[in-house]
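Structure file start33.cif; described as mmCIF, C-alpha atoms.
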```cif
data_target
loop_
_atom_site.label_atom_id
_atom_site.label_comp_id
_atom_site.auth_asym_id
_atom_site.auth_seq_id
_atom_site.Cartn_x
_atom_site.Cartn_y
_atom_site.Cartn_z
CA MET A 1 33.87 -77.61 -3.86
CA ALA A 2 35.56 -74.27 -3.95
CA THR A 3 34.00 -71.18 -2.48
CA HIS A 4 33.52 -68.29 -4.78
CA SER A 5 34.64 -64.81 -3.92
CA PRO A 6 33.21 -61.78 -5.72
CA ARG A 7 36.66 -60.28 -5.78
CA THR A 8 38.28 -63.15 -7.52
CA ASP A 9 35.35 -64.14 -9.73
CA ALA A 10 34.66 -60.66 -11.12
CA VAL A 11 34.49 -60.45 -14.84
CA GLU A 12 37.38 -58.57 -16.20
CA SER A 13 36.34 -55.39 -17.97
CA PRO A 14 38.45 -53.74 -20.64
CA GLU A 15 37.61 -50.27 -19.10
CA PRO A 16 38.98 -48.88 -15.88
CA SER A 17 36.57 -49.26 -12.94
CA SER A 18 36.45 -45.52 -12.21
CA ARG A 19 34.88 -44.67 -15.56
CA LEU A 20 31.21 -43.63 -15.66
CA HIS A 21 29.08 -46.13 -17.51
CA LEU A 22 26.49 -44.40 -19.67
CA PRO A 23 23.96 -46.36 -21.65
CA GLN A 24 24.50 -46.30 -25.38
CA GLY A 25 22.01 -45.59 -28.14
CA TRP A 26 19.37 -43.01 -29.03
CA ALA A 27 17.25 -43.55 -25.90
CA ALA A 28 20.21 -42.80 -23.65
CA PHE A 29 21.10 -39.73 -25.68
CA PHE A 30 17.57 -38.29 -25.28
CA GLN A 31 17.56 -39.09 -21.55
CA ARG A 32 20.78 -37.10 -21.05
CA LEU A 33 19.32 -34.29 -23.20
CA ASN A 34 16.15 -34.20 -21.02
CA THR A 35 18.24 -33.89 -17.88
CA ARG A 36 20.18 -30.97 -19.32
CA LEU A 37 16.95 -29.30 -20.45
CA VAL A 38 15.39 -29.61 -17.00
CA LEU A 39 18.51 -28.14 -15.39
CA ALA A 40 18.56 -25.24 -17.88
CA ILE A 41 14.87 -24.45 -17.31
CA ALA A 42 15.29 -24.66 -13.53
CA SER A 43 18.26 -22.27 -13.72
CA VAL A 44 16.30 -19.76 -15.80
CA ALA A 45 13.34 -19.99 -13.41
CA LEU A 46 15.59 -19.41 -10.40
CA VAL A 47 17.19 -16.34 -11.99
CA GLY A 48 13.70 -15.04 -12.89
CA LEU A 49 12.49 -15.44 -9.31
CA ILE A 50 15.50 -13.63 -7.89
CA VAL A 51 15.14 -10.74 -10.34
CA SER A 52 11.39 -10.51 -9.65
CA ALA A 53 11.94 -10.43 -5.89
CA LEU A 54 14.46 -7.62 -6.22
CA ALA A 55 12.20 -5.65 -8.57
CA ILE A 56 9.16 -6.05 -6.33
CA ASN A 57 11.12 -4.80 -3.32
CA GLN A 58 11.94 -1.66 -5.31
CA ILE A 59 8.48 -1.14 -6.83
CA LEU A 60 6.04 -1.94 -4.02
CA PRO A 61 7.00 0.76 -1.50
CA GLY A 62 6.55 3.50 -4.12
CA TYR A 63 3.29 1.97 -5.31
CA PHE A 64 1.88 1.81 -1.78
CA THR A 65 2.93 5.40 -1.08
CA GLU A 66 1.24 6.59 -4.27
CA GLN A 67 -1.90 4.63 -3.42
CA THR A 68 -2.02 6.12 0.09
CA THR A 69 -1.51 9.64 -1.27
CA GLU A 70 -4.41 9.12 -3.68
CA ARG A 71 -6.61 8.00 -0.78
CA LEU A 72 -5.59 11.11 1.17
CA ASP A 73 -6.42 13.31 -1.81
CA ALA A 74 -9.85 11.67 -2.14
CA ALA A 75 -10.45 12.21 1.59
CA VAL A 76 -9.53 15.90 1.31
CA VAL A 77 -11.91 16.39 -1.62
CA SER A 78 -14.70 14.50 0.16
CA THR A 79 -14.20 16.52 3.34
CA GLY A 80 -14.30 19.77 1.38
CA LEU A 81 -17.54 18.72 -0.29
CA LEU A 82 -18.95 17.77 3.11
CA MET A 83 -18.06 21.24 4.44
CA LEU A 84 -19.71 22.92 1.45
CA GLN A 85 -22.85 20.79 1.82
CA SER A 86 -23.00 21.49 5.55
CA ALA A 87 -22.76 25.26 4.95
CA ALA A 88 -25.46 25.08 2.26
CA ASP A 89 -27.71 23.05 4.58
CA GLU A 90 -27.33 25.58 7.40
CA ILE A 91 -28.28 28.45 5.07
CA ALA A 92 -31.20 26.46 3.61
CA ASN A 93 -32.45 25.59 7.11
CA GLY A 94 -32.62 29.28 8.04
CA ASN A 95 -29.39 29.43 10.04
CA PRO A 96 -27.25 31.81 7.98
CA ASN A 97 -25.48 33.09 11.12
CA VAL A 98 -23.90 29.66 11.61
CA VAL A 99 -22.10 30.18 8.31
CA ALA A 100 -21.58 33.95 8.63
CA VAL A 101 -19.99 34.00 12.11
CA PRO A 102 -16.41 32.62 11.92
CA GLU A 103 -16.48 30.94 15.37
CA LEU A 104 -19.79 29.19 14.67
CA ARG A 105 -18.67 28.22 11.16
CA SER A 106 -15.46 26.73 12.56
CA GLN A 107 -17.33 24.72 15.16
CA VAL A 108 -20.48 23.65 13.30
CA VAL A 109 -19.62 23.53 9.60
CA VAL A 110 -15.89 22.79 9.62
CA GLY A 111 -15.58 20.94 12.93
CA ARG A 112 -18.42 18.51 12.35
CA ALA A 113 -17.28 17.78 8.81
CA ILE A 114 -13.75 16.82 9.80
CA GLN A 115 -14.94 14.81 12.81
CA PHE A 116 -17.16 12.81 10.47
CA ALA A 117 -14.31 12.45 7.97
CA ALA A 118 -11.84 11.21 10.60
CA GLN A 119 -14.25 8.50 11.72
CA PHE A 120 -15.97 7.44 8.49
CA ILE A 121 -14.29 8.73 5.31
CA LEU A 122 -10.66 7.89 6.06
CA PRO A 123 -9.19 7.36 9.52
CA ALA A 124 -6.49 10.02 9.54
CA THR A 125 -5.51 13.29 11.20
CA TYR A 126 -7.43 16.27 9.85
CA ALA A 127 -6.62 19.93 10.38
CA VAL A 128 -8.30 22.97 8.86
CA PHE A 129 -6.52 26.33 8.75
CA ASP A 130 -7.84 29.79 8.00
CA GLN A 131 -6.13 30.71 4.76
CA GLU A 132 -5.63 34.38 5.64
CA SER A 133 -4.34 34.08 9.19
CA GLY A 134 -2.86 30.58 8.98
CA ARG A 135 -4.52 29.81 12.33
CA GLN A 136 -5.88 26.30 12.86
CA VAL A 137 -9.65 26.53 13.24
CA ALA A 138 -10.47 22.84 13.68
CA GLY A 139 -8.77 19.48 14.04
CA SER A 140 -9.76 15.86 14.42
CA ALA A 141 -8.22 12.42 14.57
CA PRO A 142 -9.73 8.92 14.71
CA GLU A 143 -11.17 8.10 18.11
CA ASN A 144 -10.85 4.34 17.73
CA THR A 145 -7.08 4.01 17.26
CA THR A 146 -6.90 0.89 19.43
CA GLU A 147 -9.48 -0.83 17.24
CA LEU A 148 -7.67 0.30 14.08
CA GLU A 149 -4.37 -1.08 15.37
CA ALA A 150 -6.08 -4.35 16.35
CA ARG A 151 -7.14 -4.67 12.69
CA GLY A 152 -3.48 -4.35 11.63
CA LEU A 153 -3.62 -0.69 10.61
CA ARG A 154 -0.91 1.79 11.58
CA ALA A 155 -0.49 5.55 11.20
CA ASP A 156 1.28 5.95 7.88
CA PRO A 157 4.00 8.64 7.78
CA VAL A 158 3.31 9.73 4.18
CA ALA A 159 3.45 13.42 3.28
CA PRO A 160 0.26 15.29 4.15
CA VAL A 161 -2.15 16.35 1.42
CA ARG A 162 -3.45 19.92 1.46
CA ARG A 163 -6.26 21.54 -0.49
CA GLU A 164 -7.85 24.94 -0.44
CA ILE A 165 -11.59 25.32 -0.11
CA ALA A 166 -13.80 28.39 -0.26
CA ILE A 167 -17.12 28.28 1.59
CA PRO A 168 -19.72 30.72 0.21
CA LEU A 169 -21.02 33.09 2.89
CA PRO A 170 -24.56 34.52 3.03
CA ASN A 171 -23.25 38.03 2.15
CA GLY A 172 -21.65 36.78 -1.09
CA ASP A 173 -18.06 36.64 0.21
CA ARG A 174 -16.12 33.44 0.68
CA ALA A 175 -14.41 32.02 3.74
CA ARG A 176 -11.16 30.43 2.56
CA TYR A 177 -9.62 27.46 4.33
CA VAL A 178 -6.84 24.93 3.83
CA ILE A 179 -7.66 21.32 4.65
CA ASP A 180 -4.69 19.21 5.71
CA VAL A 181 -4.98 15.43 5.98
CA SER A 182 -2.06 13.37 7.28
CA GLN A 183 -1.14 10.13 9.01
CA PRO A 184 -3.84 7.88 7.58
CA TYR A 185 -4.25 4.49 9.15
CA THR A 186 -3.25 1.93 6.51
CA SER A 187 -1.84 -1.58 6.27
CA ARG A 188 1.16 -0.39 4.22
CA GLU A 189 3.69 -0.53 7.06
CA ALA A 190 2.58 -4.03 8.08
CA THR A 191 2.68 -5.21 4.46
CA LEU A 192 6.21 -3.99 3.87
CA ASP A 193 7.55 -5.49 7.11
#
```
Let me see the structure of the file written as structure tokens.
Amino acid sequence: MATHSPRTDAVESPEPSSRLHLPQGWAAFFQRLNTRLVLAIASVALVGLIVSALAINQILPGYFTEQTTERLDAAVVSTGLLMLQSAADEIANGNPNVVAVPELRSQVVVGRAIQFAAQFILPATYAVFDQESGRQVAGSAPENTTELEARGLRADPVAPVRREIAIPLPNGDRARYVIDVSQPYTSREATLD
């Protein structure tokens, strides 16, 4: 009996052996069409992801800066209201000299308000300036910076927000100040890294 060899017993094919054999018929046609469709959809999805990533990298920093500035503005307004309420409380409690005397007003009304704001309203650096002289009358910063940094917050180098405030004095005049809030502790820097 003769031994068979796959090389010598191979069925002769009318096509060259290097040609790709694709199944014939409608089922094969739809299978090839499905493969092309999947590749086209995957390509479109990949391009969409790349474009989205580039757009987000351009949009997010500006969005976070705007959001931080809005928080600073809200903190300035809240601090101003706190100063006004503190002055009104001192007058109502029979201590009009606390509001009338500039040194006492700076220490009691303004100083306490910005210390409270720096700890509880928005952890940031607060400074209050006399509008006429430009002299800083009070300043405060968060006391718990180590705890803030442990929570992932960092001093944010956004532009400071300034607002004017006029505190009514017992004699009918107004003491005019400028509140400056800067370097809020936010997660923006950590998010963008």
Selection in question (the file shown): the PyMOL selection byres ((chain A and resi 139) around 6). Which residues does it include, as a ChimeraX atom specification?
/A:126-127,138,140
Take the PyMOL selection byres ((chain A and resi 170) around 7), apply it to the structure above, and return the hits as a list in words.
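For this structure, the PyMOL selection byres ((chain A and resi 170) around 7) captures Pro96, Ala100, Pro168, Leu169, Asn171 and Gly172 of chain A.
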Just the selected residues (C-alpha atoms), exported as a PDB file, keeping the file's coordinate frame, please.
```pdb
ATOM      1  CA  PRO A  96     -27.250  31.810   7.980  1.00  0.00           C
ATOM      2  CA  ALA A 100     -21.580  33.950   8.630  1.00  0.00           C
ATOM      3  CA  PRO A 168     -19.720  30.720   0.210  1.00  0.00           C
ATOM      4  CA  LEU A 169     -21.020  33.090   2.890  1.00  0.00           C
ATOM      5  CA  ASN A 171     -23.250  38.030   2.150  1.00  0.00           C
ATOM      6  CA  GLY A 172     -21.650  36.780  -1.090  1.00  0.00           C
TER       7      GLY A 172
END
```
One decimal, in Å: what's the spacing between atom CA of A:Pro160 and atom CA of A:Asp180?
6.5 Å
Neighbour list for A:Pro184 as JSON, numbers by chain, cut-off 10 Å, only C-alpha atoms, skip fewer than 4 positions in-chain
{"A": [68, 69, 71, 72, 75, 118, 122, 123, 124, 125, 126, 141, 142, 153, 154, 155, 156, 157, 158, 160]}
Shell around A:Pro102 at 12 Å using only C-alpha atoms, local window under 2 positions removed, as a PDB file with C-alpha atoms, keeping the file's coordinate frame:
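As a result, out-v4.pdb now contains:
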```pdb
ATOM      1  CA  ALA A  87     -22.760  25.260   4.950  1.00  0.00           C
ATOM      2  CA  PRO A  96     -27.250  31.810   7.980  1.00  0.00           C
ATOM      3  CA  ASN A  97     -25.480  33.090  11.120  1.00  0.00           C
ATOM      4  CA  VAL A  98     -23.900  29.660  11.610  1.00  0.00           C
ATOM      5  CA  VAL A  99     -22.100  30.180   8.310  1.00  0.00           C
ATOM      6  CA  ALA A 100     -21.580  33.950   8.630  1.00  0.00           C
ATOM      7  CA  LEU A 104     -19.790  29.190  14.670  1.00  0.00           C
ATOM      8  CA  ARG A 105     -18.670  28.220  11.160  1.00  0.00           C
ATOM      9  CA  SER A 106     -15.460  26.730  12.560  1.00  0.00           C
ATOM     10  CA  GLN A 107     -17.330  24.720  15.160  1.00  0.00           C
ATOM     11  CA  VAL A 108     -20.480  23.650  13.300  1.00  0.00           C
ATOM     12  CA  VAL A 109     -19.620  23.530   9.600  1.00  0.00           C
ATOM     13  CA  VAL A 110     -15.890  22.790   9.620  1.00  0.00           C
ATOM     14  CA  GLY A 111     -15.580  20.940  12.930  1.00  0.00           C
ATOM     15  CA  ASP A 130      -7.840  29.790   8.000  1.00  0.00           C
ATOM     16  CA  VAL A 137      -9.650  26.530  13.240  1.00  0.00           C
ATOM     17  CA  ALA A 138     -10.470  22.840  13.680  1.00  0.00           C
ATOM     18  CA  ILE A 167     -17.120  28.280   1.590  1.00  0.00           C
ATOM     19  CA  LEU A 169     -21.020  33.090   2.890  1.00  0.00           C
ATOM     20  CA  ARG A 174     -16.120  33.440   0.680  1.00  0.00           C
ATOM     21  CA  ALA A 175     -14.410  32.020   3.740  1.00  0.00           C
ATOM     22  CA  ARG A 176     -11.160  30.430   2.560  1.00  0.00           C
ATOM     23  CA  TYR A 177      -9.620  27.460   4.330  1.00  0.00           C
TER      24      TYR A 177
END
```
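For the atom pair formed by atom CA of A:Gly152 and atom CA of A:Glu70, the distance is 20.4 Å, given to one decimal.
A straight line drawn from atom CA of A:Val128 to atom CA of A:Ile114 is 8.3 Å long.
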